[in-house]
Structures are given as C-alpha cells and as structure tokens.
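Working notes, beginning with the structure itself.
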Amino acid sequence: MKISQMKNVVPLERKKEVTEVEWKKAKEIADYLGVSRPTLSKLTHRKVDPIPFSKLSGMLQYDLQKVKEWEERNRTYNYKEA
C-alpha cells in the first residue's frame, strides 16, 4: 500500500464490553442459597461442577450472576434425575 493510499485508511475501533460484576462474600451466597457456610465450602470445592468463585484480596468472592447460572444448572439436573 502506498503512503498516499494510507490517508484513507480508517482505524478499527475496538469495542470493550464492560460487564458489571456483583461480587458477594461467602456468607451472602450461603444465605442466598439457603445453605450453611461449611456446605457452601463443600459445593465450592467439589470435583464435579463446583460453584464458580474468584479469590480477591485473599478471600473467596462469588459473582452473583454465575452463582445464579450454577444454581439453575444444578436444579434442572437434579430435577431431571428425580
């Protein structure tokens, strides 16, 4: 491409999709799910489909939207088995 042609080149704009994450602590998620904190810990660390979490500032934090998706998956799965 010649330099004269480069004047007409329009740079692509990158779209940054910013999603607002609603982080919750273990106690809040345990209350939301209606389970004890030890049960939440077991669900968080189980080998098959654990509750998704991130470790922020040395503490486990839960994305409420991902927890809701996890809850729906597990309710549907358990309902189908019953």
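Residue names in the structure tokens use chain letters A, B, ... in the order shown, residue numbers from 1 in each chain, and ligand numbers from 1 in the order shown.
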
- What are the DSSP helix (DSSP H, G or I) residues of chain A, as a ChimeraX atom specification? /A:3-6,26-33,37-45,64-81

Residues as selected, N, CA and C atoms, written as a compact mmCIF listing (two decimals), in the first residue's frame, can you do that?
# COMPACT_ATOMS: atom_id res chain seq x y z
N ILE A 3 1.82 5.25 0.52
CA ILE A 3 1.57 6.23 1.58
C ILE A 3 0.36 7.10 1.24
N SER A 4 0.19 7.44 0.00
CA SER A 4 -0.97 8.27 -0.38
C SER A 4 -2.29 7.52 -0.14
N GLN A 5 -2.28 6.21 -0.24
CA GLN A 5 -3.49 5.43 0.00
C GLN A 5 -3.77 5.28 1.50
N MET A 6 -2.74 5.39 2.30
CA MET A 6 -2.91 5.20 3.74
C MET A 6 -3.72 6.32 4.39
N ALA A 26 -18.86 -15.11 50.99
CA ALA A 26 -19.37 -16.46 51.25
C ALA A 26 -20.66 -16.44 52.07
N LYS A 27 -20.71 -15.62 53.11
CA LYS A 27 -21.90 -15.58 53.95
C LYS A 27 -23.13 -15.16 53.15
N GLU A 28 -22.96 -14.17 52.27
CA GLU A 28 -24.08 -13.70 51.46
C GLU A 28 -24.57 -14.78 50.49
N ILE A 29 -23.64 -15.51 49.90
CA ILE A 29 -24.01 -16.58 48.96
C ILE A 29 -24.65 -17.74 49.71
N ALA A 30 -24.12 -18.08 50.87
CA ALA A 30 -24.71 -19.15 51.68
C ALA A 30 -26.15 -18.79 52.05
N ASP A 31 -26.37 -17.55 52.45
CA ASP A 31 -27.73 -17.10 52.78
C ASP A 31 -28.62 -17.15 51.54
N TYR A 32 -28.10 -16.71 50.40
CA TYR A 32 -28.87 -16.71 49.15
C TYR A 32 -29.30 -18.13 48.77
N LEU A 33 -28.38 -19.08 48.89
CA LEU A 33 -28.68 -20.47 48.52
C LEU A 33 -29.42 -21.23 49.61
N ARG A 37 -22.39 -22.23 55.74
CA ARG A 37 -21.09 -21.90 55.14
C ARG A 37 -20.23 -23.14 54.91
N PRO A 38 -20.23 -24.14 55.82
CA PRO A 38 -19.48 -25.37 55.51
C PRO A 38 -20.01 -26.09 54.26
N THR A 39 -21.33 -26.09 54.08
CA THR A 39 -21.91 -26.70 52.88
C THR A 39 -21.50 -25.92 51.64
N LEU A 40 -21.51 -24.60 51.73
CA LEU A 40 -21.06 -23.78 50.61
C LEU A 40 -19.62 -24.10 50.26
N SER A 41 -18.78 -24.27 51.26
CA SER A 41 -17.37 -24.62 51.03
C SER A 41 -17.26 -25.96 50.30
N LYS A 42 -18.07 -26.93 50.70
CA LYS A 42 -18.06 -28.24 50.03
C LYS A 42 -18.50 -28.11 48.58
N LEU A 43 -19.55 -27.31 48.34
CA LEU A 43 -20.04 -27.11 46.97
C LEU A 43 -19.03 -26.35 46.12
N THR A 44 -18.28 -25.45 46.74
CA THR A 44 -17.27 -24.66 46.03
C THR A 44 -16.09 -25.52 45.61
N HIS A 45 -15.74 -26.51 46.42
CA HIS A 45 -14.54 -27.31 46.17
C HIS A 45 -14.82 -28.72 45.66
N LEU A 64 -22.38 -13.08 41.59
CA LEU A 64 -23.77 -13.47 41.82
C LEU A 64 -24.42 -14.03 40.56
N GLN A 65 -24.14 -13.45 39.40
CA GLN A 65 -24.74 -13.93 38.15
C GLN A 65 -24.29 -15.37 37.85
N LYS A 66 -23.01 -15.65 38.04
CA LYS A 66 -22.51 -17.01 37.79
C LYS A 66 -23.07 -18.00 38.80
N VAL A 67 -23.27 -17.56 40.03
CA VAL A 67 -23.86 -18.43 41.05
C VAL A 67 -25.31 -18.75 40.66
N LYS A 68 -26.04 -17.76 40.16
CA LYS A 68 -27.42 -17.99 39.72
C LYS A 68 -27.45 -18.99 38.56
N GLU A 69 -26.50 -18.86 37.61
CA GLU A 69 -26.42 -19.80 36.49
C GLU A 69 -26.10 -21.20 37.00
N TRP A 70 -25.18 -21.30 37.95
CA TRP A 70 -24.83 -22.59 38.55
C TRP A 70 -26.04 -23.21 39.23
N GLU A 71 -26.77 -22.38 39.97
CA GLU A 71 -27.95 -22.85 40.69
C GLU A 71 -28.99 -23.40 39.70
N GLU A 72 -29.21 -22.70 38.61
CA GLU A 72 -30.18 -23.14 37.61
C GLU A 72 -29.75 -24.46 36.98
N ARG A 73 -28.46 -24.58 36.64
CA ARG A 73 -27.95 -25.84 36.07
C ARG A 73 -28.17 -27.00 37.01
N ASN A 74 -27.88 -26.79 38.26
CA ASN A 74 -27.98 -27.87 39.23
C ASN A 74 -29.42 -28.19 39.60
N ARG A 75 -30.27 -27.23 39.64
CA ARG A 75 -31.69 -27.50 39.91
C ARG A 75 -32.30 -28.29 38.76
N THR A 76 -31.99 -27.91 37.53
CA THR A 76 -32.51 -28.61 36.36
C THR A 76 -31.97 -30.03 36.33
N TYR A 77 -30.68 -30.19 36.58
CA TYR A 77 -30.04 -31.50 36.55
C TYR A 77 -30.64 -32.42 37.61
N ASN A 78 -30.76 -31.92 38.81
CA ASN A 78 -31.31 -32.73 39.90
C ASN A 78 -32.78 -33.05 39.67
N TYR A 79 -33.52 -32.13 39.08
CA TYR A 79 -34.94 -32.34 38.82
C TYR A 79 -35.12 -33.46 37.79
N LYS A 80 -34.28 -33.48 36.76
CA LYS A 80 -34.38 -34.50 35.72
C LYS A 80 -34.08 -35.88 36.28
N GLU A 81 -33.16 -35.96 37.25
CA GLU A 81 -32.80 -37.26 37.82
C GLU A 81 -33.90 -37.82 38.72

- Item | Coordinates-based distance that separates CA of Leu60 (chain A) from CA of Lys24 (chain A) (Å, one decimal) |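 Distance between the two atoms: 8.8 Å.
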
What's the 9 Å shell around Tyr62 (chain A), counting only C-alpha atoms, without same-chain residues fewer than 6 positions away, as a compact mmCIF listing (two decimals) with C-alpha atoms, in the first residue's frame?
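Saved to selection.txt:
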# COMPACT_ATOMS: atom_id res chain seq x y z
CA GLU A 22 -21.69 -8.07 41.58
CA TRP A 23 -19.20 -9.74 43.93
CA LYS A 24 -20.59 -11.38 47.05
CA LYS A 25 -18.90 -12.86 50.12
CA ALA A 26 -19.37 -16.46 51.25
CA ILE A 29 -24.01 -16.58 48.96
CA ILE A 51 -19.76 -23.17 42.43
CA PRO A 52 -17.64 -20.65 40.46
CA PHE A 53 -15.57 -18.24 42.55
CA SER A 54 -12.56 -15.95 42.40
CA LYS A 55 -10.01 -15.24 45.06

- Task: Tell me, in Å to one decimal, how far CA of Asp49 (chain A) is from CA of Ser36 (chain A).
- Result: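 CA of Ser36 (chain A) lies at a distance of 18.6 Å from CA of Asp49 (chain A).
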
- Message: I need the residues of chain A that end up classed as strand (DSSP E or B) by DSSP on the backbone, written out as a VMD selection string.
- Response: chain A and resid 23 to 24 54 to 56 59 to 63

Export, as a PDB file, in the first residue's frame, the selected residues with C-alpha atoms.
ATOM      1  CA  TRP A  23     -19.199  -9.741  43.935  1.00  0.00           C
ATOM      2  CA  LYS A  24     -20.592 -11.375  47.055  1.00  0.00           C
ATOM      3  CA  SER A  54     -12.560 -15.947  42.404  1.00  0.00           C
ATOM      4  CA  LYS A  55     -10.006 -15.239  45.064  1.00  0.00           C
ATOM      5  CA  LEU A  56      -9.822 -11.476  45.558  1.00  0.00           C
ATOM      6  CA  MET A  59     -10.826 -14.057  50.187  1.00  0.00           C
ATOM      7  CA  LEU A  60     -13.219 -16.133  48.124  1.00  0.00           C
ATOM      8  CA  GLN A  61     -15.641 -13.913  46.251  1.00  0.00           C
ATOM      9  CA  TYR A  62     -18.599 -15.089  44.204  1.00  0.00           C
ATOM     10  CA  ASP A  63     -20.039 -13.484  41.067  1.00  0.00           C
TER      11      ASP A  63
END

- Could you state the separation of CA of Pro50 (chain A) and CA of Glu17 (chain A) in Å, given to one decimal place?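 For CA of Pro50 (chain A) relative to CA of Glu17 (chain A), the distance reads 26.4 Å.
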